[in-house]
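Below is one structure, written out as structure tokens; the observations come after it.
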Number of protein chains: 2
Amino acid sequence: MYCITFKKSSNHEEIVIAKGIKCILYIPSIIDSEFCSFALSYYAMSKQKPTIPKGTRDFPPEMMVKRNFILDTIRQVFQKFGFQPIETPSMEKLSVLTGKYGDEGEQLLFKVLNNGDFLSKAPQSALDGGAKKLSAYIAEKGLRYDLTVPLARFVVMNQNDIALPFRRYQMQPVWRADRPQKGRYREFFQCDADVVGTDSLLVEMEIILLLKEVLNRLGIVEFEIKINHRKVLEGICEAIGKAGEMNALATAIDKLDKIGTNQVMEELANKGFEPQSLEKLQTILEISGSNDEVVTGVSKELNKSAAGLQGIADIKEILTLLDEIENGTDKVSFDHSLARGLSYYTGTVFEVKVTNVDIGSISGGGRYDDLTTMFGMPNTPAVGISLGVDRIYDVLTELNLFPSSVLEASRLLIVNFEDSLRHVLPILVRIREAGISCELYPDSAKLKKQFSYANKKNIPFVLIVGEEEINSGSYTLKDMHTGDQRNVTLEQLISALNQ
Amino acid sequence: MYCITFKKSSNHEEIVIAKGIKCILYIPSIIDSEFCSFALSYYAMSKQKPTIPKGTRDFPPEMMVKRNFILDTIRQVFQKFGFQPIETPSMEKLSVLTGKYGDEGEQLLFKVLNNGDFLSKAPQSALDGGAKKLSAYIAEKGLRYDLTVPLARFVVMNQNDIALPFRRYQMQPVWRADRPQKGRYREFFQCDADVVGTDSLLVEMEIILLLKEVLNRLGIVEFEIKINHRKVLEGICEAIGKAGEMNALATAIDKLDKIGTNQVMEELANKGFEPQSLEKLQTILEISGSNDEVVTGVSKELNKSAAGLQGIADIKEILTLLDEIENGTDKVSFDHSLARGLSYYTGTVFEVKVTNVDIGSISGGGRYDDLTTMFGMPNTPAVGISLGVDRIYDVLTELNLFPSSVLEASRLLIVNFEDSLRHVLPILVRIREAGISCELYPDSAKLKKQFSYANKKNIPFVLIVGEEEINSGSYTLKDMHTGDQRNVTLEQLISALNQ
């Protein structure tokens, strides 16, 4: 590899080749054309600030530590509830990904070019046939779009090795070629927990307990967990004389919060829902009160729909199971208008909202009993939830809930004076042995520069070991928040850092 | 979304459409051609077992928990040494990635197709010009190839916000379209720690201490950390009369371990190294003994090379700094034949080998002072190391060093008897409140099935709460390793699980 540096002088720009081939410009015979074009393209590049792809993000340290606080919290709770981690490849075969996300979703798949001479398999007709036709020949892999389809694929491929019911969690990035906008990225993390292989409603109860514990540990106290059941929606369709129109109904009432009742009714009218159906629907949607009251009210309306009654029975069972636990149904509400967008749900659906921040839901999920069927493994009911890290991040920021300790890069910075180096190295080691994160400034720079480094990295304590301190055997410890300084022995230092 | 299940009967296969559109087959008028082709492609897919792309891997739970043990250990040590995490996007612009990895590396980049109509920007000449020409028009992004170039890009883009010297760590997957083979994957994790913005050799000392602590915590005791310096190699070139041929020398002696001295000499002879140079080289390479002896011996040979003596001086300083620390130079050896393949190193180079497992190096790194220059930010010296998770995984497996506790999915499984459900739910909650991972089998399946689930998931304890136990208030706890059963109260249970 060549390496080049550029120097700007007053009236011209001069290219200087560095490291090993420093004098190459002065020996014109060995500058070949390949090297010249290389040098020029480097030169051009060095004038241009590098950027990252649209819709993607760098996570600098202060964001990473906060994100890790969220991810670690979620992971700990997942594990406490017996969920086991898996990871799947970032790339999946397009044959696995296509046909799963609907037409709109499919257009958002990032496709990866085949390696090497990717055109070798493409006939001329494909080259002339436009992007859609060509892409089938030149790209056979795509980036993961969510964690649910990979889970289904994983379960099918590993059905003989995994313990069913399979409680798995997965925390990995997914990619969608969506139009980037505030809060919507082309690469983002999903944290999913799913149980595959049982239709027991105990799992729904577990998921609600799990959500509560995650929120509790994150310090979020004002929230609501809404539950509903796709069969309740099916029942509502039957009750209003629109059997079989569940998808239309679900898509519309999913927006109740955003656009209000009137617009939802208008949308349904446009989809062919007659006035008397809409009137009936409105009556049903207006049922409100305690969970018991809503259950009773909705049951009455759906009393002729077998599906509807089954849905209500499931909801009742989940609430009854939660009632066995102290405060189990606290903040859990049956909301018969909850739809959730994804069409693959077949049973219960969940949604979590933080009630004192205006931000939409931070988690959602539901029961989907047919996903592995797509890969040839029928009769494998599943239920799961997904937690949105970006939204949770925004909530914790707005409510100021990140513990200040997560922001500390190190607990202690030891100031570097050249003369005391020998003396401080054993202290550095001793403090780390006590399990405390600690660093020594690498250069004997000015004290001000070293302090400003500590401030920038949020390091709460700085240790000064100068000549005086070496002689006395007691060091100066500065608290960077208060500005206080005091003399400490090594033992006092460690106990101060441990507080 | 449509959902389909397939039933096989004795003499024919029958397609049954499920969920919401169950009877659709009996109303031929609404089966349109789009739906038919959809149904048939699903049918075909369901006959075919899904697979994952060549060279990629699924990580099932038992691998994940072991990998997480390694990653968590590394992360903790990184943090204790004051390194801060960053993450960069999986996709980088190709303009950032190209020109950094040499021709061979560049061919291994995975390229991502532009979104939407990717052909719209491609002129007909590009369509006729073959894959290499076309790809410039249809793919502007590539998957991350390593973590070092993204770091350089990150530092340049964020130079005003980060605290320099910047101690960062990064643990993310990278992708290379290499020919897959045993132990070589197309997607794999790298764990890098780097310090950017100082030429202090204290950082080299820190990196050696960090490597030792990582290995120590992983339980690896038989290892060797080799260090060398690119300027020592430069000095050797000068001493043998081959000044400026460092890359040729480095590439060849990098293989000393693998192919032996004779073949290395043959390779160099083919590259134009004269017999007297090779003879001299052999004399230098044969210098051995303690670090002090090698330093002295090599110094003598390089006494006419300014670069060589500078390299030796740096190595001596690092060893002197380590000597200030108890056992600091233990297992650290100066190996003047260590080269490391990467051409961007400009100073010290490191390599870690486990000496009781035949597996190659598990970590490597070095000083590279010109990487940010490529993005227009000169004078930013840097040094770092990379730990290979896959190799470490193999070492820990071979030496049987994974703690058995990491394999436990949950600490306790509570058996599900339908009659005792109400009674066990509060126990489940109570045990989790004590910070212990615990799960309840979701179905009231046969006892044998529930036990076999516990075994498959490596759950060490099973709790049985039947009618008898409810009446007595004392539960049966089974130790799955020994098979022992005993009666315990709730308090005894928690204390048993905490052991």
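Each chain of the structure tokens is named A, B, ... in the order shown, its residues numbered from 1; ligands are numbered from 1 in display order.
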
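Superposing chain B onto chain A by least squares over all C-alpha atoms, paired in sequence order, gives an RMSD of 0.1 Å.
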
Any chance you could list, as a ChimeraX atom specification, the residues in stretch 221-360 of chain B that come up helix (DSSP H, G or I) when DSSP is run on the backbone? /B:230-239,246-253,256-270,275-285,291-301,306-323

Any idea what's packed within 12 Å of B:Thr320, counting only C-alpha atoms, ignoring anything in its chain fewer than 4 positions away? Could you give it as number ranges by chain? A: 421-422, 425; B: 201-202, 204-205, 291-292, 313-316, 324-329, 332

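For stretch 318-431 of chain B, a DSSP pass over the backbone yields strand (DSSP E or B) at Val332, Ser333, Phe334, Thr348, Val349, Phe350, Glu351, Val352, Lys353, Val354, Ser361, Ile362, Ser363, Gly364, Gly365, Gly366, Arg367, Ala382, Val383, Gly384, Ile385, Ser386, Leu387, Gly388, Leu412, Leu413 and Ile414 of chain B.
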
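The residue that comes closest to chain A, out of B:Gly376, B:Gly241, B:Gly366, B:Gly197 and on the basis of only C-alpha atoms, is B:Gly376.
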
Hey, can you check how far atom CA of A:Pro378 sits from atom CA of A:Gly102? 20.6 Å

Between atom CA of B:Met374 and atom CA of B:Ala339, what is the spacing in Å? 23.0 Å

Within 10 Å of B:Met265, counting only C-alpha atoms, which residues qualify if same-chain residues fewer than 5 places away don't, as a PyMOL selection string? chain B and resi 249+252-253+256+260+270-271+273+275+278-279+281-282

Suppose we keep N, CA and C atoms; can you now write the selection as a CSV table (one decimal), in the first residue's frame?
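Written file, part.csv:
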```csv
chain,number,residue,atom,x,y,z
B,249,LEU,N,10.4,-8.2,2.5
B,249,LEU,CA,10.9,-8.9,3.6
B,249,LEU,C,9.8,-9.3,4.6
B,252,ALA,N,7.5,-12.1,3.5
B,252,ALA,CA,8.1,-13.4,3.5
B,252,ALA,C,8.3,-13.9,4.9
B,253,ILE,N,8.9,-13.1,5.8
B,253,ILE,CA,9.2,-13.7,7.1
B,253,ILE,C,7.9,-13.8,8.0
B,256,LEU,N,7.4,-17.4,8.5
B,256,LEU,CA,8.4,-18.3,9.1
B,256,LEU,C,7.8,-19.5,9.8
B,260,GLY,N,8.7,-22.3,7.4
B,260,GLY,CA,10.1,-22.6,7.8
B,260,GLY,C,11.1,-21.7,7.1
B,270,ASN,N,13.8,-15.6,-4.8
B,270,ASN,CA,13.0,-15.3,-6.0
B,270,ASN,C,12.7,-13.9,-6.2
B,271,LYS,N,12.6,-13.1,-5.1
B,271,LYS,CA,12.3,-11.7,-5.2
B,271,LYS,C,13.6,-10.9,-5.4
B,273,PHE,N,16.6,-11.2,-3.7
B,273,PHE,CA,17.5,-11.0,-2.6
B,273,PHE,C,18.8,-11.9,-2.9
B,275,PRO,N,22.4,-13.9,-2.4
B,275,PRO,CA,22.9,-14.9,-1.4
B,275,PRO,C,23.5,-14.3,-0.2
B,278,LEU,N,20.9,-12.8,2.0
B,278,LEU,CA,20.2,-13.9,2.7
B,278,LEU,C,21.0,-14.5,3.9
B,279,GLU,N,22.3,-14.7,3.6
B,279,GLU,CA,23.2,-15.2,4.6
B,279,GLU,C,23.2,-14.3,5.9
B,281,LEU,N,20.9,-12.1,6.6
B,281,LEU,CA,19.6,-12.2,7.2
B,281,LEU,C,19.4,-13.4,8.2
B,282,GLN,N,19.9,-14.5,7.7
B,282,GLN,CA,19.8,-15.7,8.5
B,282,GLN,C,20.6,-15.5,9.8
```

Do a neighbour search on A:Ala139 at 9 Å with only C-alpha atoms, toss out local chain neighbours closer than 2 positions, and write the hits as an NGL selection string. (:A and (94 or 111-115 or 118 or 134-137 or 141-142)) or (:B and (112-113))

Selection export as a CSV table (one decimal), in the first residue's frame, atoms kept: all heavy atoms:
```
chain,number,residue,atom,x,y,z
A,94,LEU,N,-32.4,-14.1,-0.8
A,94,LEU,CA,-33.6,-13.4,-1.2
A,94,LEU,C,-34.8,-14.3,-1.2
A,94,LEU,O,-35.9,-13.9,-1.0
A,94,LEU,CB,-33.4,-12.6,-2.5
A,94,LEU,CG,-32.6,-11.4,-2.3
A,94,LEU,CD1,-32.2,-10.7,-3.7
A,94,LEU,CD2,-33.3,-10.3,-1.5
A,111,LYS,N,-30.4,-5.1,-1.3
A,111,LYS,CA,-29.9,-6.3,-2.0
A,111,LYS,C,-28.4,-6.2,-2.1
A,111,LYS,O,-27.8,-5.2,-2.4
A,111,LYS,CB,-30.5,-6.4,-3.3
A,111,LYS,CG,-32.0,-6.7,-3.2
A,111,LYS,CD,-32.7,-6.8,-4.6
A,111,LYS,CE,-34.2,-7.0,-4.3
A,111,LYS,NZ,-34.9,-7.0,-5.6
A,112,VAL,N,-27.7,-7.4,-2.0
A,112,VAL,CA,-26.2,-7.4,-2.0
A,112,VAL,C,-25.8,-8.0,-3.4
A,112,VAL,O,-26.3,-9.1,-3.8
A,112,VAL,CB,-25.7,-8.3,-0.9
A,112,VAL,CG1,-24.2,-8.4,-1.0
A,112,VAL,CG2,-26.1,-7.6,0.5
A,113,LEU,N,-25.0,-7.3,-4.1
A,113,LEU,CA,-24.5,-7.8,-5.4
A,113,LEU,C,-23.8,-9.1,-5.2
A,113,LEU,O,-23.0,-9.3,-4.3
A,113,LEU,CB,-23.5,-6.8,-6.0
A,113,LEU,CG,-23.9,-5.8,-7.0
A,113,LEU,CD1,-22.7,-5.0,-7.5
A,113,LEU,CD2,-24.6,-6.5,-8.2
A,114,ASN,N,-24.0,-10.1,-6.1
A,114,ASN,CA,-23.2,-11.3,-6.1
A,114,ASN,C,-21.7,-11.0,-6.2
A,114,ASN,O,-21.3,-10.0,-6.8
A,114,ASN,CB,-23.7,-12.2,-7.3
A,114,ASN,CG,-25.1,-12.7,-7.1
A,114,ASN,OD1,-25.6,-12.6,-6.0
A,114,ASN,ND2,-25.6,-13.3,-8.1
A,115,ASN,N,-20.9,-11.9,-5.7
A,115,ASN,CA,-19.5,-11.7,-5.7
A,115,ASN,C,-18.9,-11.9,-7.1
A,115,ASN,O,-19.4,-12.6,-7.9
A,115,ASN,CB,-18.7,-12.6,-4.8
A,115,ASN,CG,-19.5,-12.8,-3.5
A,115,ASN,OD1,-19.9,-13.9,-3.1
A,115,ASN,ND2,-19.8,-11.7,-2.8
A,118,PHE,N,-20.5,-10.6,-11.4
A,118,PHE,CA,-21.9,-10.8,-11.1
A,118,PHE,C,-22.8,-10.8,-12.4
A,118,PHE,O,-23.9,-11.3,-12.3
A,118,PHE,CB,-22.5,-9.7,-10.1
A,118,PHE,CG,-22.3,-8.3,-10.6
A,118,PHE,CD1,-23.2,-7.7,-11.5
A,118,PHE,CD2,-21.2,-7.6,-10.1
A,118,PHE,CE1,-23.0,-6.4,-11.9
A,118,PHE,CE2,-21.0,-6.3,-10.6
A,118,PHE,CZ,-22.0,-5.7,-11.4
A,134,LEU,N,-33.2,-7.5,-14.0
A,134,LEU,CA,-31.7,-7.7,-13.8
A,134,LEU,C,-31.4,-8.2,-12.4
A,134,LEU,O,-30.5,-9.1,-12.2
A,134,LEU,CB,-30.9,-6.5,-14.2
A,134,LEU,CG,-29.4,-6.6,-14.2
A,134,LEU,CD1,-28.9,-7.7,-15.2
A,134,LEU,CD2,-28.7,-5.3,-14.6
A,135,SER,N,-32.0,-7.6,-11.4
A,135,SER,CA,-31.6,-7.8,-10.1
A,135,SER,C,-31.7,-9.3,-9.7
A,135,SER,O,-30.9,-9.8,-8.9
A,135,SER,CB,-32.3,-6.9,-9.1
A,135,SER,OG,-33.5,-7.5,-8.6
A,136,ALA,N,-32.7,-10.0,-10.3
A,136,ALA,CA,-32.8,-11.4,-10.0
A,136,ALA,C,-31.5,-12.2,-10.4
A,136,ALA,O,-31.3,-13.2,-9.8
A,136,ALA,CB,-34.0,-12.0,-10.7
A,137,TYR,N,-30.8,-11.7,-11.3
A,137,TYR,CA,-29.6,-12.4,-11.8
A,137,TYR,C,-28.3,-12.0,-11.1
A,137,TYR,O,-27.4,-12.7,-11.0
A,137,TYR,CB,-29.4,-12.2,-13.3
A,137,TYR,CG,-30.5,-12.8,-14.1
A,137,TYR,CD1,-31.6,-12.1,-14.6
A,137,TYR,CD2,-30.4,-14.2,-14.4
A,137,TYR,CE1,-32.5,-12.7,-15.3
A,137,TYR,CE2,-31.4,-14.8,-15.2
A,137,TYR,CZ,-32.5,-14.0,-15.6
A,137,TYR,OH,-33.4,-14.7,-16.4
A,141,LYS,N,-28.7,-12.3,-2.5
A,141,LYS,CA,-28.8,-12.1,-1.1
A,141,LYS,C,-29.3,-10.7,-0.7
A,141,LYS,O,-29.2,-9.8,-1.5
A,141,LYS,CB,-27.4,-12.2,-0.4
A,141,LYS,CG,-26.7,-13.6,-0.6
A,141,LYS,CD,-25.3,-13.6,0.0
A,141,LYS,CE,-24.3,-12.8,-0.7
A,141,LYS,NZ,-23.9,-13.4,-2.0
A,142,GLY,N,-29.9,-10.6,0.5
A,142,GLY,CA,-30.4,-9.3,0.9
A,142,GLY,C,-30.1,-9.1,2.4
A,142,GLY,O,-29.9,-10.1,3.1
B,112,VAL,N,-23.5,-3.3,-2.1
B,112,VAL,CA,-24.9,-3.2,-1.9
B,112,VAL,C,-25.5,-2.5,-3.1
B,112,VAL,O,-25.1,-1.3,-3.4
B,112,VAL,CB,-25.3,-2.5,-0.6
B,112,VAL,CG1,-26.8,-2.4,-0.4
B,112,VAL,CG2,-24.7,-3.3,0.6
B,113,LEU,N,-26.5,-3.1,-3.7
B,113,LEU,CA,-27.2,-2.5,-4.9
B,113,LEU,C,-27.8,-1.2,-4.4
B,113,LEU,O,-28.4,-1.1,-3.3
B,113,LEU,CB,-28.3,-3.4,-5.4
B,113,LEU,CG,-28.0,-4.3,-6.6
B,113,LEU,CD1,-29.3,-5.0,-7.0
B,113,LEU,CD2,-27.5,-3.4,-7.8
```

Surrounding residues of A:Val415 excluding itself and chain neighbours under 4 positions, 10 Å, only C-alpha atoms, as number ranges by chain: A: 420-421, 424, 439-447, 450-451, 454, 462-466

Once you have the residues from the selection above, write them out as a PDB file, in the first residue's frame, restricted to N, CA, C and O atoms.
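The resulting out.pdb:
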```
ATOM      1  N   SER A 420       7.075  11.355  37.497  1.00  0.00           N
ATOM      2  CA  SER A 420       6.424  10.438  38.446  1.00  0.00           C
ATOM      3  C   SER A 420       5.942   9.146  37.790  1.00  0.00           C
ATOM      4  O   SER A 420       5.310   8.320  38.423  1.00  0.00           O
ATOM      5  N   LEU A 421       6.260   9.002  36.498  1.00  0.00           N
ATOM      6  CA  LEU A 421       5.737   7.867  35.745  1.00  0.00           C
ATOM      7  C   LEU A 421       5.962   6.534  36.450  1.00  0.00           C
ATOM      8  O   LEU A 421       5.045   5.740  36.631  1.00  0.00           O
ATOM      9  N   VAL A 424       3.619   6.045  39.355  1.00  0.00           N
ATOM     10  CA  VAL A 424       2.171   5.892  39.163  1.00  0.00           C
ATOM     11  C   VAL A 424       1.786   4.587  38.468  1.00  0.00           C
ATOM     12  O   VAL A 424       0.654   4.130  38.613  1.00  0.00           O
ATOM     13  N   GLU A 439      -7.426   5.177  33.934  1.00  0.00           N
ATOM     14  CA  GLU A 439      -6.448   5.351  32.874  1.00  0.00           C
ATOM     15  C   GLU A 439      -5.414   6.391  33.257  1.00  0.00           C
ATOM     16  O   GLU A 439      -5.649   7.229  34.136  1.00  0.00           O
ATOM     17  N   LEU A 440      -4.276   6.293  32.581  1.00  0.00           N
ATOM     18  CA  LEU A 440      -3.181   7.228  32.775  1.00  0.00           C
ATOM     19  C   LEU A 440      -3.099   8.047  31.499  1.00  0.00           C
ATOM     20  O   LEU A 440      -3.115   7.472  30.405  1.00  0.00           O
ATOM     21  N   TYR A 441      -3.057   9.362  31.619  1.00  0.00           N
ATOM     22  CA  TYR A 441      -2.936  10.175  30.401  1.00  0.00           C
ATOM     23  C   TYR A 441      -1.628   9.797  29.707  1.00  0.00           C
ATOM     24  O   TYR A 441      -0.588   9.708  30.356  1.00  0.00           O
ATOM     25  N   PRO A 442      -1.659   9.539  28.402  1.00  0.00           N
ATOM     26  CA  PRO A 442      -0.469   8.941  27.779  1.00  0.00           C
ATOM     27  C   PRO A 442       0.713   9.893  27.595  1.00  0.00           C
ATOM     28  O   PRO A 442       1.841   9.428  27.456  1.00  0.00           O
ATOM     29  N   ASP A 443       0.483  11.186  27.577  1.00  0.00           N
ATOM     30  CA  ASP A 443       1.588  12.121  27.365  1.00  0.00           C
ATOM     31  C   ASP A 443       1.725  13.038  28.576  1.00  0.00           C
ATOM     32  O   ASP A 443       0.756  13.323  29.264  1.00  0.00           O
ATOM     33  N   SER A 444       2.937  13.528  28.813  1.00  0.00           N
ATOM     34  CA  SER A 444       3.109  14.475  29.931  1.00  0.00           C
ATOM     35  C   SER A 444       2.761  15.881  29.429  1.00  0.00           C
ATOM     36  O   SER A 444       3.605  16.758  29.356  1.00  0.00           O
ATOM     37  N   ALA A 445       1.500  16.042  29.060  1.00  0.00           N
ATOM     38  CA  ALA A 445       1.018  17.309  28.530  1.00  0.00           C
ATOM     39  C   ALA A 445       0.743  18.277  29.664  1.00  0.00           C
ATOM     40  O   ALA A 445       0.826  17.917  30.840  1.00  0.00           O
ATOM     41  N   LYS A 446       0.402  19.521  29.310  1.00  0.00           N
ATOM     42  CA  LYS A 446       0.070  20.519  30.323  1.00  0.00           C
ATOM     43  C   LYS A 446      -1.114  20.054  31.168  1.00  0.00           C
ATOM     44  O   LYS A 446      -2.041  19.417  30.660  1.00  0.00           O
ATOM     45  N   LEU A 447      -1.084  20.406  32.436  1.00  0.00           N
ATOM     46  CA  LEU A 447      -2.115  19.975  33.372  1.00  0.00           C
ATOM     47  C   LEU A 447      -3.506  20.349  32.859  1.00  0.00           C
ATOM     48  O   LEU A 447      -4.455  19.558  32.934  1.00  0.00           O
ATOM     49  N   GLN A 450      -4.781  17.948  30.345  1.00  0.00           N
ATOM     50  CA  GLN A 450      -5.144  16.662  30.930  1.00  0.00           C
ATOM     51  C   GLN A 450      -6.484  16.772  31.673  1.00  0.00           C
ATOM     52  O   GLN A 450      -7.326  15.864  31.589  1.00  0.00           O
ATOM     53  N   PHE A 451      -6.700  17.878  32.357  1.00  0.00           N
ATOM     54  CA  PHE A 451      -7.989  18.091  33.030  1.00  0.00           C
ATOM     55  C   PHE A 451      -9.126  18.210  32.022  1.00  0.00           C
ATOM     56  O   PHE A 451     -10.221  17.669  32.227  1.00  0.00           O
ATOM     57  N   ALA A 454     -10.194  14.895  30.904  1.00  0.00           N
ATOM     58  CA  ALA A 454     -11.036  14.234  31.919  1.00  0.00           C
ATOM     59  C   ALA A 454     -12.468  14.764  31.851  1.00  0.00           C
ATOM     60  O   ALA A 454     -13.433  13.999  31.900  1.00  0.00           O
ATOM     61  N   VAL A 462      -9.694  12.823  39.288  1.00  0.00           N
ATOM     62  CA  VAL A 462      -8.348  12.915  38.727  1.00  0.00           C
ATOM     63  C   VAL A 462      -7.342  12.798  39.865  1.00  0.00           C
ATOM     64  O   VAL A 462      -7.527  13.397  40.928  1.00  0.00           O
ATOM     65  N   LEU A 463      -6.307  12.003  39.640  1.00  0.00           N
ATOM     66  CA  LEU A 463      -5.281  11.810  40.664  1.00  0.00           C
ATOM     67  C   LEU A 463      -3.989  12.504  40.236  1.00  0.00           C
ATOM     68  O   LEU A 463      -3.522  12.320  39.110  1.00  0.00           O
ATOM     69  N   ILE A 464      -3.445  13.300  41.157  1.00  0.00           N
ATOM     70  CA  ILE A 464      -2.206  14.007  40.867  1.00  0.00           C
ATOM     71  C   ILE A 464      -1.099  13.443  41.750  1.00  0.00           C
ATOM     72  O   ILE A 464      -1.210  13.429  42.983  1.00  0.00           O
ATOM     73  N   VAL A 465      -0.068  12.935  41.122  1.00  0.00           N
ATOM     74  CA  VAL A 465       1.068  12.380  41.852  1.00  0.00           C
ATOM     75  C   VAL A 465       2.321  13.115  41.366  1.00  0.00           C
ATOM     76  O   VAL A 465       2.929  12.732  40.370  1.00  0.00           O
ATOM     77  N   GLY A 466       2.646  14.215  42.053  1.00  0.00           N
ATOM     78  CA  GLY A 466       3.855  14.955  41.714  1.00  0.00           C
ATOM     79  C   GLY A 466       4.978  14.572  42.657  1.00  0.00           C
ATOM     80  O   GLY A 466       4.849  13.644  43.457  1.00  0.00           O
TER      81      GLY A 466
END
```

Residues near stretch 220-234 of chain B, anyone? I mean within 7 Å using only C-alpha atoms, not counting same-chain ones fewer than 4 positions away, as an MDAnalysis selection string. chainID B and resid 215:216 238 246 307:308 310:312 331:336 338 346:356

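With atom CA of B:Ser337 on one side and atom CA of B:Asp254 on the other, the separation reads 7.6 Å.
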